[in-house]
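Participant: File follows, my_file_2.cif with mmCIF, C-alpha atoms:
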```
data_my_file
#
loop_
_atom_site.label_atom_id
_atom_site.label_comp_id
_atom_site.auth_asym_id
_atom_site.auth_seq_id
_atom_site.Cartn_x
_atom_site.Cartn_y
_atom_site.Cartn_z
CA MET I 203 1.88 3.56 -25.73
CA THR I 204 -0.84 5.37 -27.63
CA SER I 205 -4.43 6.04 -26.79
CA ILE I 206 -7.37 7.84 -28.32
CA GLY I 207 -6.62 11.52 -28.35
CA GLY I 208 -2.85 11.30 -28.22
CA VAL I 209 0.19 9.71 -26.69
CA GLU I 210 0.08 8.48 -23.09
CA MET I 211 1.65 10.77 -20.50
CA VAL I 212 3.43 7.74 -19.01
CA ASP I 213 4.90 4.91 -21.06
CA TRP I 214 3.55 2.18 -18.79
CA LYS I 215 5.15 -0.65 -20.73
CA LEU I 216 8.55 1.00 -20.40
CA ALA I 217 7.93 1.48 -16.66
CA VAL I 218 7.39 -2.28 -16.28
CA THR I 219 10.43 -3.11 -18.40
CA THR I 220 12.69 -0.67 -16.55
CA ALA I 221 11.57 -1.73 -13.08
CA SER I 222 11.88 -5.45 -13.89
CA ARG I 223 15.35 -4.96 -15.34
CA LEU I 224 16.61 -2.90 -12.39
CA ALA I 225 14.94 -4.93 -9.63
CA ARG I 226 17.51 -6.59 -7.40
CA PRO I 227 17.73 -10.36 -7.66
CA GLY I 228 16.05 -12.29 -4.89
CA PRO I 229 17.84 -14.56 -2.41
CA GLU I 230 19.58 -17.63 -3.75
CA ILE I 231 17.20 -20.55 -3.64
CA SER I 232 16.92 -23.82 -5.55
CA ARG I 233 14.02 -24.57 -7.87
CA GLU I 234 12.71 -27.19 -5.47
CA GLU I 235 12.94 -24.80 -2.49
CA ALA I 236 11.11 -22.15 -4.50
CA ARG I 237 8.27 -24.56 -5.23
CA GLU I 238 8.05 -25.42 -1.54
CA VAL I 239 7.91 -21.76 -0.54
CA VAL I 240 5.11 -21.05 -3.02
CA ALA I 241 3.12 -24.08 -1.90
CA GLU I 242 3.54 -23.20 1.77
CA LEU I 243 2.49 -19.58 1.27
CA ARG I 244 -0.65 -20.70 -0.53
CA ALA I 245 -1.45 -23.16 2.26
CA HIS I 246 -0.79 -20.51 4.93
CA ALA I 247 -3.06 -18.06 3.12
CA VAL I 248 -5.92 -20.56 3.30
CA ALA I 249 -5.26 -21.26 6.98
CA ALA I 250 -4.92 -17.55 7.76
CA GLU I 251 -8.28 -16.85 6.13
CA GLU I 252 -10.05 -19.19 8.54
CA HIS I 253 -8.30 -17.77 11.61
CA VAL I 254 -8.85 -14.13 10.61
CA ARG I 255 -12.54 -14.63 9.95
CA ALA I 256 -13.06 -16.53 13.19
CA PHE I 257 -11.28 -13.79 15.16
CA THR I 258 -12.96 -10.81 13.47
CA GLY I 259 -16.40 -12.24 12.74
CA MET I 260 -16.13 -10.94 9.15
CA THR I 261 -17.14 -13.10 6.17
CA THR I 262 -16.79 -12.63 2.42
CA ALA I 263 -19.81 -11.14 0.70
CA ALA I 264 -21.33 -13.18 -2.13
CA GLY I 265 -19.55 -12.58 -5.43
CA HIS I 266 -16.67 -10.67 -3.87
CA ASP I 267 -14.10 -13.38 -3.16
CA THR I 268 -10.65 -12.59 -4.56
CA PRO I 269 -7.63 -14.75 -5.43
CA VAL I 270 -4.33 -15.11 -3.62
CA LEU I 271 -1.34 -14.80 -5.96
CA VAL I 272 2.21 -15.74 -4.97
CA VAL I 273 4.44 -13.55 -7.15
CA ASP I 274 8.05 -12.60 -7.71
CA ARG I 275 9.31 -9.03 -7.92
CA PRO I 276 8.49 -8.55 -11.64
CA GLY I 277 5.00 -9.92 -10.97
CA TRP I 278 4.48 -7.37 -8.19
CA ILE I 279 5.71 -4.62 -10.52
CA GLU I 280 3.29 -5.58 -13.30
CA ALA I 281 0.33 -5.67 -10.91
CA ASN I 282 1.14 -2.25 -9.47
CA VAL I 283 1.71 -0.60 -12.83
CA ALA I 284 -1.69 -1.94 -13.93
CA GLY I 285 -3.24 -0.46 -10.81
CA PHE I 286 -1.50 2.88 -11.29
CA ARG I 287 -2.62 3.02 -14.90
CA SER I 288 -6.26 2.38 -13.98
CA LEU I 289 -6.38 4.71 -11.00
CA LEU I 290 -4.55 7.62 -12.65
CA LYS I 291 -6.34 7.45 -16.00
CA PRO I 292 -8.58 10.49 -15.32
CA LEU I 293 -5.59 12.58 -14.26
CA MET I 294 -3.60 11.49 -17.31
CA THR I 295 -6.53 12.43 -19.56
CA LYS I 296 -6.73 15.85 -17.94
CA MET I 297 -3.02 16.46 -18.37
CA ARG I 298 -3.09 15.28 -21.99
CA ALA I 299 -5.94 17.68 -22.77
CA ARG I 300 -3.98 20.57 -21.27
CA ARG I 301 -0.92 19.65 -23.34
CA GLY I 302 -2.90 19.61 -26.58
CA ASN I 303 -2.90 17.20 -29.49
CA GLY I 304 -0.94 19.28 -32.00
CA PRO I 305 2.40 18.07 -33.42
CA GLY I 306 4.42 19.85 -30.76
CA GLY I 307 2.31 18.42 -27.96
CA MET I 308 2.48 14.94 -29.46
CA ILE I 309 6.27 15.01 -29.70
CA THR I 310 6.65 16.42 -26.20
CA GLY I 311 4.20 13.84 -24.90
CA ALA I 312 6.03 10.96 -26.56
CA VAL I 313 9.38 12.03 -25.11
CA GLY I 314 7.92 12.90 -21.72
CA GLY I 315 6.02 9.62 -21.59
CA LYS I 316 9.20 7.63 -22.08
CA VAL I 317 11.15 9.67 -19.54
CA THR I 318 8.35 9.38 -16.99
CA GLY I 319 8.08 5.66 -17.68
CA VAL I 320 11.77 5.22 -16.90
CA GLU I 321 11.54 7.38 -13.76
CA LEU I 322 8.55 5.43 -12.47
CA GLY I 323 10.31 2.17 -13.29
CA VAL I 324 13.34 3.15 -11.20
CA LEU I 325 11.15 3.87 -8.17
CA LEU I 326 9.15 0.65 -8.54
CA SER I 327 12.38 -1.33 -8.76
CA PHE I 328 13.33 0.10 -5.35
CA LEU I 329 9.97 -0.75 -3.80
CA SER I 330 9.72 -4.20 -5.36
CA SER I 331 12.37 -5.61 -3.04
CA ARG I 332 10.68 -4.27 0.10
CA VAL I 333 7.06 -5.36 -0.08
CA LEU I 334 6.22 -8.62 1.67
CA GLY I 335 2.59 -8.62 0.67
CA GLN I 336 -0.08 -6.32 -0.68
CA TYR I 337 -3.79 -6.34 -1.27
CA GLU I 338 -3.80 -4.83 -4.75
CA THR I 339 -7.13 -3.07 -5.08
CA PHE I 340 -7.54 -1.16 -8.31
CA ALA I 341 -6.02 -3.04 -11.27
CA PRO I 342 -8.81 -4.48 -13.46
CA ALA I 343 -9.12 -8.25 -13.59
CA THR I 344 -7.31 -9.83 -16.53
CA ARG I 345 -6.15 -13.30 -17.51
CA GLU I 346 -2.73 -12.60 -16.03
CA LEU I 347 -4.15 -10.73 -13.03
CA PRO I 348 -7.39 -12.42 -11.95
CA GLY I 349 -9.70 -10.65 -9.54
CA ALA I 350 -13.19 -10.69 -8.09
CA PRO I 351 -16.14 -11.15 -10.48
CA GLU I 352 -17.43 -7.71 -9.46
CA GLY I 353 -14.13 -5.93 -10.13
CA GLY I 354 -10.42 -5.98 -9.36
CA GLY I 355 -8.71 -7.05 -6.19
CA ARG I 356 -6.19 -9.74 -5.40
CA LEU I 357 -3.78 -10.56 -2.59
CA LEU I 358 -0.13 -10.55 -3.64
CA LEU I 359 2.46 -12.42 -1.57
CA VAL I 360 5.98 -11.56 -2.76
CA ALA I 361 7.85 -14.81 -2.16
CA PRO I 362 11.49 -13.69 -2.63
CA ASN I 363 11.04 -10.78 -0.22
CA ILE I 364 9.49 -12.96 2.44
CA VAL I 365 12.38 -15.42 2.18
CA HIS I 366 14.90 -12.57 2.29
CA VAL I 367 13.47 -11.06 5.49
CA GLU I 368 13.03 -14.37 7.32
CA ARG I 369 16.68 -15.16 6.63
CA GLU I 370 17.80 -11.69 7.65
CA LEU I 371 15.91 -11.93 10.94
CA GLY I 372 17.01 -15.50 11.58
CA VAL I 373 13.49 -16.63 12.51
CA ASP I 374 11.61 -19.86 11.88
CA PRO I 375 10.61 -19.61 8.19
CA HIS I 376 7.35 -21.55 8.55
CA ASP I 377 6.19 -19.38 11.45
CA PHE I 378 7.24 -16.18 9.71
CA ARG I 379 5.37 -17.02 6.52
CA LEU I 380 2.18 -17.72 8.45
CA TRP I 381 2.64 -14.52 10.45
CA VAL I 382 2.90 -12.48 7.26
CA CYS I 383 -0.15 -14.21 5.80
CA LEU I 384 -2.21 -13.30 8.87
CA HIS I 385 -1.62 -9.60 8.25
CA GLU I 386 -2.21 -9.78 4.52
CA GLU I 387 -5.28 -11.98 4.83
CA THR I 388 -6.80 -9.38 7.15
CA HIS I 389 -6.57 -6.84 4.34
CA ARG I 390 -8.14 -9.29 1.92
CA THR I 391 -10.96 -9.93 4.39
CA GLN I 392 -11.52 -6.19 4.85
CA PHE I 393 -12.19 -5.71 1.15
CA THR I 394 -14.08 -8.94 0.47
CA ALA I 395 -16.33 -8.65 3.53
CA VAL I 396 -17.01 -4.94 2.97
CA PRO I 397 -17.83 -4.63 -0.76
CA TRP I 398 -18.44 -0.87 -0.67
CA LEU I 399 -14.94 -0.18 0.72
CA ARG I 400 -13.13 -0.44 -2.62
CA ASP I 401 -15.62 1.84 -4.42
CA HIS I 402 -15.52 4.32 -1.55
CA LEU I 403 -11.74 4.59 -1.62
CA GLU I 404 -11.67 4.88 -5.40
CA ALA I 405 -14.30 7.64 -5.32
CA GLU I 406 -12.29 9.55 -2.71
CA ILE I 407 -9.07 9.25 -4.72
CA GLN I 408 -10.78 10.30 -7.94
CA ALA I 409 -12.28 13.31 -6.15
CA PHE I 410 -8.78 14.16 -4.95
CA LEU I 411 -7.35 13.88 -8.46
CA ALA I 412 -10.22 15.92 -9.93
CA GLU I 413 -9.06 18.82 -7.77
CA THR I 414 -5.50 18.48 -9.04
CA ASP I 415 -4.11 21.19 -11.26
CA VAL I 416 -0.64 20.05 -12.30
CA ASP I 417 1.04 20.05 -15.69
CA ALA I 418 3.18 17.32 -17.19
CA GLY I 419 6.40 19.26 -16.63
CA THR I 420 5.74 19.60 -12.91
CA LEU I 421 4.90 15.91 -12.62
CA LEU I 422 8.12 14.97 -14.40
CA GLU I 423 10.14 17.32 -12.18
CA ARG I 424 8.79 15.74 -8.98
CA LEU I 425 9.43 12.25 -10.27
CA SER I 426 12.95 13.22 -11.30
CA ASP I 427 13.64 14.51 -7.78
CA ALA I 428 12.76 11.09 -6.42
CA VAL I 429 14.95 9.21 -8.86
CA GLN I 430 17.88 11.59 -8.33
CA ALA I 431 17.62 10.95 -4.61
CA PHE I 432 17.64 7.23 -5.29
CA THR I 433 20.65 7.36 -7.60
CA GLY I 434 22.55 9.82 -5.41
CA GLY I 435 22.23 12.70 -7.86
CA ARG I 436 20.45 14.98 -5.43
CA ARG I 437 22.33 16.76 -2.66
CA GLU I 438 21.36 15.50 0.78
CA GLU I 439 21.36 18.96 2.30
CA SER I 440 18.48 19.97 0.01
CA ALA I 441 16.69 16.65 0.17
CA GLU I 442 14.20 16.71 2.99
CA PRO I 443 11.24 15.66 0.87
CA SER I 444 7.60 15.54 1.75
CA THR I 445 5.51 12.43 1.52
CA THR I 446 2.91 11.80 -1.14
CA ALA I 447 -0.67 10.66 -1.21
CA THR I 448 -1.00 7.07 -2.32
CA ALA I 449 -3.51 4.34 -1.71
CA THR I 450 -2.84 0.66 -0.81
CA ALA I 451 -3.19 -1.90 1.89
CA THR I 452 0.17 -3.49 2.51
CA GLY I 453 2.31 -4.87 5.29
CA PRO I 454 3.56 -5.84 7.69
CA GLU I 455 6.79 -4.58 6.12
CA PRO I 456 7.09 -0.81 6.60
CA GLU I 457 8.36 -0.29 3.04
CA PRO I 458 4.97 -0.71 1.33
CA GLY I 459 3.80 -0.90 -2.21
CA ALA I 460 2.71 2.23 -3.97
CA ARG I 461 -0.97 2.54 -4.18
CA SER I 462 -3.85 1.66 -1.75
CA GLY I 463 -2.85 3.89 1.76
CA ALA I 464 -2.83 7.58 1.95
CA HIS I 465 -0.23 9.52 3.83
CA ALA I 466 -0.49 13.03 5.17
CA PRO I 467 1.98 15.39 3.48
CA GLU I 468 4.99 16.72 5.35
CA GLN I 469 6.32 19.78 3.57
CA ASP I 470 10.05 20.34 3.40
CA ALA I 471 11.95 23.60 3.25
CA ASP I 472 11.55 24.07 -0.50
CA GLY I 473 8.06 22.51 -0.69
CA ARG I 474 9.00 19.83 -3.20
CA SER I 475 7.59 16.33 -3.21
CA LEU I 476 7.28 13.41 -5.57
CA VAL I 477 3.93 14.63 -6.80
CA ASP I 478 2.96 17.87 -5.10
CA LEU I 479 -0.79 17.44 -5.45
CA VAL I 480 -2.19 18.86 -2.19
CA GLN I 481 -3.27 22.31 -3.33
CA THR I 482 -6.82 23.08 -2.19
CA PRO I 483 -8.82 22.91 1.04
CA ALA I 484 -11.04 20.28 -0.59
CA GLN I 485 -7.99 18.12 -1.29
CA ARG I 486 -6.79 18.44 2.29
CA GLU I 487 -10.19 17.32 3.55
CA ILE I 488 -10.20 14.31 1.22
CA LEU I 489 -6.64 13.40 2.16
CA ALA I 490 -7.52 13.54 5.87
CA ARG I 491 -10.45 11.17 5.31
CA VAL I 492 -8.41 8.71 3.27
CA THR I 493 -5.55 8.83 5.75
CA ALA I 494 -7.98 7.94 8.53
CA VAL I 495 -9.34 4.98 6.56
CA MET I 496 -5.88 3.67 5.78
CA SER I 497 -4.84 4.02 9.43
CA LEU I 498 -7.90 1.96 10.32
CA LEU I 499 -7.06 -0.75 7.77
CA GLU I 500 -3.40 -1.01 8.76
CA GLY I 501 -4.08 -0.84 12.48
CA HIS I 502 -6.83 -3.45 12.21
CA ALA I 503 -4.45 -5.80 10.38
CA ASP I 504 -1.78 -5.38 13.07
CA TYR I 505 -4.34 -5.91 15.83
CA VAL I 506 -5.68 -9.08 14.25
CA MET I 507 -2.17 -10.39 13.59
CA ASP I 508 -1.27 -9.87 17.26
CA GLY I 509 -4.55 -11.38 18.41
CA VAL I 510 -4.36 -14.54 16.32
CA GLY I 511 -0.59 -14.96 16.22
CA PRO I 512 0.01 -16.34 19.74
CA GLN I 513 -2.53 -19.10 19.11
CA ILE I 514 -1.03 -20.49 15.91
CA VAL I 515 2.52 -19.11 15.52
CA PRO I 516 4.78 -20.69 18.19
CA SER I 517 7.62 -18.20 17.81
CA VAL I 518 5.45 -15.10 17.35
CA VAL I 519 7.05 -13.23 20.28
CA GLU I 520 10.52 -13.62 18.79
CA ILE I 521 9.29 -12.68 15.30
CA ARG I 522 7.46 -9.59 16.52
CA GLU I 523 10.41 -8.39 18.60
CA LYS I 524 12.94 -8.82 15.79
CA PHE I 525 10.63 -7.32 13.21
CA GLN I 526 9.92 -4.26 15.33
CA ARG I 527 13.66 -3.76 15.84
CA ARG I 528 14.10 -3.97 12.09
CA ARG I 529 11.41 -1.33 11.58
CA ALA I 530 12.92 0.98 14.18
CA ALA I 531 16.51 0.58 12.96
CA GLY I 532 15.82 2.46 9.76
CA ALA I 533 18.51 2.52 7.11
CA ASN I 534 21.22 4.69 5.67
CA ARG I 535 20.76 8.37 4.86
CA LEU I 536 19.76 7.74 1.24
CA ASP I 537 17.15 5.21 2.25
CA GLN I 538 15.74 7.66 4.82
CA ILE I 539 15.37 10.28 2.10
CA LEU I 540 13.42 7.87 -0.07
CA ARG I 541 11.26 6.75 2.84
CA ARG I 542 10.10 10.33 3.40
CA LEU I 543 9.73 11.03 -0.30
CA LEU I 544 7.53 7.99 -0.87
CA GLY I 545 5.53 8.32 2.32
CA LEU I 546 6.97 5.28 4.07
CA ASP I 547 7.59 7.02 7.40
CA ALA I 548 3.93 8.03 7.45
CA LYS I 549 3.11 4.37 6.86
CA LEU I 550 4.68 3.45 10.19
CA ARG I 551 2.57 6.04 11.96
CA GLN I 552 -0.53 4.53 10.38
CA TYR I 553 0.29 1.18 11.94
CA ARG I 554 0.73 2.70 15.38
CA ASP I 555 -2.21 5.12 15.37
CA GLY I 556 -4.62 2.69 13.77
CA GLU I 557 -3.72 -0.18 16.06
CA ARG I 558 -4.25 2.00 19.13
CA PHE I 559 -7.68 3.01 17.81
CA VAL I 560 -8.77 -0.59 17.15
CA ARG I 561 -7.51 -1.82 20.51
CA ALA I 562 -9.23 0.97 22.44
CA VAL I 563 -12.56 0.43 20.67
CA VAL I 564 -12.51 -3.37 21.07
CA GLU I 565 -11.69 -3.03 24.76
CA GLU I 566 -14.65 -0.71 25.22
CA VAL I 567 -17.39 -2.23 23.03
CA GLY I 568 -16.02 -5.64 21.96
CA MET I 569 -15.29 -6.98 18.48
CA GLU I 570 -18.94 -6.93 17.45
CA GLY I 571 -19.18 -3.32 18.52
CA PHE I 572 -15.99 -2.46 16.66
CA ASN I 573 -17.34 -4.08 13.49
CA ARG I 574 -19.94 -1.34 13.23
CA VAL I 575 -17.09 0.60 11.65
CA TRP I 576 -17.77 -1.40 8.47
CA THR I 577 -21.48 -0.46 8.25
CA SER I 578 -21.11 2.41 5.78
CA PRO I 579 -18.77 5.28 4.89
CA ASN I 580 -20.54 7.30 7.59
CA THR I 581 -19.30 4.95 10.33
CA LEU I 582 -15.64 5.11 9.28
CA PRO I 583 -13.52 7.03 11.81
CA THR I 584 -12.37 10.54 11.09
CA ALA I 585 -8.76 11.59 11.56
CA ALA I 586 -9.71 13.15 14.91
CA GLU I 587 -11.45 9.94 15.98
CA ILE I 588 -8.42 7.82 15.11
CA ALA I 589 -6.50 9.91 17.64
CA HIS I 590 -9.41 9.90 20.13
CA PRO I 591 -11.31 6.59 19.90
CA ALA I 592 -13.82 7.66 22.56
CA GLU I 593 -15.18 10.23 20.11
CA TRP I 594 -15.94 7.50 17.56
CA ILE I 595 -17.61 5.36 20.22
CA ALA I 596 -19.72 8.31 21.35
CA ARG I 597 -20.81 9.11 17.78
CA VAL I 598 -21.48 5.58 16.51
CA HIS I 599 -22.62 3.79 19.68
CA ARG I 600 -24.14 6.56 21.76
CA GLY I 601 -25.23 9.13 19.22
CA PRO I 602 -28.86 9.87 18.28
CA GLU I 603 -28.82 7.30 15.46
CA ALA I 604 -27.05 4.55 17.44
#
```
Here is a file; write its structure as structure tokens.
Facilitator:
Amino acid sequence: MTSIGGVEMVDWKLAVTTASRLARPGPEISREEAREVVAELRAHAVAAEEHVRAFTGMTTAAGHDTPVLVVDRPGWIEANVAGFRSLLKPLMTKMRARRGNGPGGMITGAVGGKVTGVELGVLLSFLSSRVLGQYETFAPATRELPGAPEGGGRLLLVAPNIVHVERELGVDPHDFRLWVCLHEETHRTQFTAVPWLRDHLEAEIQAFLAETDVDAGTLLERLSDAVQAFTGGRREESAEPSTTATATATGPEPEPGARSGAHAPEQDADGRSLVDLVQTPAQREILARVTAVMSLLEGHADYVMDGVGPQIVPSVVEIREKFQRRRAAGANRLDQILRRLLGLDAKLRQYRDGERFVRAVVEEVGMEGFNRVWTSPNTLPTAAEIAHPAEWIARVHRGPEA
């Protein structure tokens, strides 16, 4: 819990413990069935890699291959807390410096760190039952969480959630597992074939956080709002929360993990959000850029999944139809509140907007022409170009430097 210069602002260990304890149990499954599911997901991940790379023309850069990990809900929680801790370290240091290292600040920090750890744990427990897969980008490589030699990065397939959804939809489990792997493997390919992408996103997020001027009390208040909504302690009539900026590549489930996509904020009547960080024009510019990148990544994954799926997934039409109905159906009022608060509604828009962009560009200039998007940060689409693909084509393919 401690670090040089004082107590951590978030008790990360307590966050893991709380989330793992509160996470809902997965579907009933025998030990032998569980082993079969894990083995099949690993095999599908390998097969999906070949299909995705053949379809996209993208290949892993030397030294940047990353592992595929089949995890349970506690395993997903541990990976995401590690990623949060790494990504938010500069912000935590800034907040700790503001609080001060005197006795009063130390005591307040210790209490606040535990409370915040519990609050974060409650939210992660909610998310841990919804994520089918995630390319976890920012957690450093460790023995328990292996990653690329050049840094972090690993593909997480959350086995109990995949089994739960395939049963709920009543679809062929073998086809569904391969279908999920196609989407997730596309994200893995994006980051392993484009080595600068991870560093670019991290730099953008750190620039965003550097502009943040928020104290520990405000952070705790926003987090408490989220947990009260989850537990039913917040009145619905005052709970029209805004979404938050996060960064992660997840899917195809619309209830994503909590860290590698960015979502544009939607202010509510009282202006409150989980972490109300968007304060300056510079932050709004950064958020717009990151949102555009995440729309590209999510839309590209959906496009590839639809392009490859009919060739190798016999029941893909049925799966896609039922899954889209599941996305559109939404959930009860409380779940809708949380979806807005955590940015999950914005996630759905990223799928739609990004997929339309990718499809329009490929139709106009082909897959090879589309792949120029991965040349450098300068060739990534802007938010305006995501909405108007012709503008990206004109700039990248027909501009003075094309």
Participant: Find the residues near I:Ala412: any atom within 10 Å, counting all atoms listed in the file, skip ones fewer than 3 places away on the same chain, and give them as a list in words.
Facilitator: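 These residues fall inside the cut-off: Pro292, Leu293, Lys296, Glu406, Ile407, Gln408, Ala409, Asp415 and Gln485 of chain I.
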Participant: Would you mind reading off the distance between atom CA of I:Ala484 and atom CA of I:Phe340, one decimal, in Å?
Facilitator: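 Taking atom CA of I:Ala484 as the start and atom CA of I:Phe340 as the end point, the length is 23.1 Å.
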Participant: Near I:Gly355, counting all atoms listed in the file, which residues have an atom at most 10 Å away, once you skip same-chain residues fewer than 6 positions from it, shown as a short mmCIF file (atom, residue, chain, number, x, y, z; two decimals) with C-alpha atoms, in the frame of the given file?
Facilitator:
```
data_model
loop_
_atom_site.label_atom_id
_atom_site.label_comp_id
_atom_site.auth_asym_id
_atom_site.auth_seq_id
_atom_site.Cartn_x
_atom_site.Cartn_y
_atom_site.Cartn_z
CA HIS I 266 -16.67 -10.67 -3.87
CA ASP I 267 -14.10 -13.38 -3.16
CA THR I 268 -10.65 -12.59 -4.56
CA PRO I 269 -7.63 -14.75 -5.43
CA VAL I 270 -4.33 -15.11 -3.62
CA GLY I 285 -3.24 -0.46 -10.81
CA TYR I 337 -3.79 -6.34 -1.27
CA GLU I 338 -3.80 -4.83 -4.75
CA THR I 339 -7.13 -3.07 -5.08
CA PHE I 340 -7.54 -1.16 -8.31
CA ALA I 341 -6.02 -3.04 -11.27
CA PRO I 342 -8.81 -4.48 -13.46
CA ALA I 343 -9.12 -8.25 -13.59
CA LEU I 347 -4.15 -10.73 -13.03
CA PRO I 348 -7.39 -12.42 -11.95
CA GLY I 349 -9.70 -10.65 -9.54
CA ARG I 390 -8.14 -9.29 1.92
CA PHE I 393 -12.19 -5.71 1.15
CA THR I 394 -14.08 -8.94 0.47
CA ARG I 400 -13.13 -0.44 -2.62
#
```
Participant: Counting all atoms listed in the file, figure out which residue out of I:Phe525, I:Phe559, I:Tyr505, I:Phe410 gets nearest to I:Pro583.
Facilitator: I:Phe559
Participant: Check which residues satisfy the PyMOL selection byres ((chain I and resi 365-372) around 10) in the file shown, then give them as a list in words.
Facilitator: Gly228, Pro229, Glu230, Ile231, Ala236, Val239, Ser331, Arg332, Leu334, Val360, Ala361, Pro362, Asn363, Ile364, Val373, Asp374, Pro375, His376, Asp377, Phe378, Arg379, Glu455, Glu520, Ile521, Lys524, Phe525, Arg527 and Arg528 of chain I
